[in-house]
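Presented below is the structure to which this report refers.
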Amino acid sequence: MHTSSSRRLFLKSAIAAPAAGTVFSRFLSAVEAKGIEKSDSGLSPVRDETTGLPLLKLPEGFRYQSYGWVGDVMSDGVITPEGHDGMGVISQTGDVVTICRNHEIKGSKSFGPTDLTFDPKAGGGCANLQFNVKSGKWLRSWTSLAGTVQNCAGGPTPWGTWLSCEETVIGPKESFRDVQYEHEKHHGWVFEVPAEGKASVEPLMALGRFVHEALAIDPADGTIYETEDRDTAGFYRFLPNEPEVLSKGGRLQMIKIKGKDDLRTGAR
């Protein structure tokens with residue numbers, strides 16, 4: 001039991017923080033600035049057990065296997081789309097963990113089936129994957145949400161679902177960076193994706209329409225904290241009417257520091 005719990009915590013910390021790569025890059029830059037040789041790290045190339053390619057440098061004794069490459073056929077027959085992004089472990093039954101993975105795509109059409117599609121002219125969404133932590137084997141993968149746009153980050157919930165966030169407020173027939181898109185609906189929402197069963201393709205509008213990045217939930221009272229990714233971004237707090245049933249709405253607030261209308265240069 002202890003081993004399973006430890007592995008689960010490792011998976012959560014390793015998978016649920018897509019920004020970790022940025023932090024690690026800054027760490028390496030700091031190491032270089034101090035004149036420390038990278039070879040001192042004790043890392044060496046290790047071949048991926050799936051492809052045989054030396055994709056990662058790891059400490060001695062570590063092994064890994066890649067899974068879910070772009071173009072791979074998932075268990076439901078859907079082709080794995082591009083744009084792998086934020087993901088997290090959202091449930092565990094025995095030795096089997098379920099991961100939900102975002103696909104940050106604008107696209108021209110949904111990659112998934114109609115009953116899981118919000119906007120048929122949008123290419124983003126989510127895929128769920130299952131992994132057995134005891135056998136070390138990937139089990140299956142399937143489409144869990146489609147027809148969304150730029151699903152960047154989000155976050156796992158204490159009740160075993162994934163909140164997937166759209167990092168855009170693009171609307172119907174609008175263009176972005178001189179590219180014309182044919183989206184049929186307004187975007188900029190949060191969607192809830194279950195570990196099993198069908199996701200609702202209705203956005204959780206009470207959580208706001210803005211350029212969402214990530215979110216985190218206080219398990220004590222269900223309060224949701226949301227971040228935004230643009231120059232005029234805000235930091236938000238959502239107070240649900242009924243924790244664990246976000247479709248019942250709630251109150252959305254944005255932080256404000258007295259006497260400061262613009263914090264892009266700092267709070268002082």
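Identifiers for the structure tokens are assigned positionally: chains receive A, B, ... in sequence, residues are indexed from 1 per chain, and ligands are indexed from 1 in the order shown.
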
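Residue neighbourhood of A:His186, excluding near-sequence residues (fewer than 4 positions): Val169, Ile170, Gly171 and Pro172 of chain A, at 7 Å, using only C-alpha atoms.
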
Serialized selection, N, CA and C atoms, as a CSV table (one decimal), in the first residue's frame:
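Contents of out-v1.csv, freshly written:
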chain,number,residue,atom,x,y,z
A,169,VAL,N,-10.0,33.7,-25.8
A,169,VAL,CA,-11.4,34.1,-25.9
A,169,VAL,C,-11.8,34.3,-27.3
A,170,ILE,N,-11.3,33.6,-28.2
A,170,ILE,CA,-11.7,33.7,-29.6
A,170,ILE,C,-13.1,33.3,-29.8
A,171,GLY,N,-13.8,34.0,-30.7
A,171,GLY,CA,-15.2,33.8,-30.9
A,171,GLY,C,-15.5,33.3,-32.3
A,172,PRO,N,-16.8,33.2,-32.7
A,172,PRO,CA,-17.1,32.6,-34.0
A,172,PRO,C,-16.6,33.4,-35.2

>> Just checking: using only C-alpha atoms, which residue out of A:Met254, A:Ala127, A:Val78, A:Val46 ends up closest to A:Pro194?
In response: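 Closest residue, counting only C-alpha atoms: A:Ala127.
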
>> If we count only C-alpha atoms and set the cut-off at 6 Å, which residues sit around A:Thr98, ignoring sequence neighbours fewer than 4 positions away in its own chain? Please answer as number ranges by chain.
In response: A: 89-91, 129-130

Save out the residues we just selected, C-alpha atoms, as a compact mmCIF listing (two decimals), in the first residue's frame.
# COMPACT_ATOMS: atom_id res chain seq x y z
CA VAL A 89 -3.66 11.99 -12.41
CA ILE A 90 -7.36 12.25 -11.59
CA SER A 91 -8.20 8.85 -10.13
CA LEU A 129 -4.98 7.41 -20.38
CA GLN A 130 -4.70 4.51 -17.95

For A:Arg47, please output as an mmCIF file with C-alpha atoms, in the first residue's frame all residues within 9 Å (counting only C-alpha atoms; exclusion window: fewer than 2 positions along the same chain).
data_model
loop_
_atom_site.group_PDB
_atom_site.id
_atom_site.type_symbol
_atom_site.label_atom_id
_atom_site.label_comp_id
_atom_site.auth_asym_id
_atom_site.auth_seq_id
_atom_site.Cartn_x
_atom_site.Cartn_y
_atom_site.Cartn_z
ATOM 1 C CA PRO A 45 21.080 9.282 -21.728
ATOM 2 C CA GLU A 49 11.581 1.366 -23.766
ATOM 3 C CA THR A 50 8.918 2.105 -26.402
ATOM 4 C CA THR A 51 10.977 3.587 -29.232
ATOM 5 C CA GLY A 52 14.549 2.740 -28.277
ATOM 6 C CA LEU A 53 15.461 6.413 -28.594
ATOM 7 C CA PRO A 54 17.569 8.213 -25.942
ATOM 8 C CA LEU A 55 14.910 10.846 -25.238
ATOM 9 C CA LEU A 56 15.838 11.673 -21.628
ATOM 10 C CA LYS A 57 18.865 11.937 -19.397
ATOM 11 C CA ARG A 63 13.783 3.634 -16.759
ATOM 12 C CA TYR A 64 10.816 5.017 -18.687
ATOM 13 C CA GLN A 65 8.496 4.382 -21.614
#
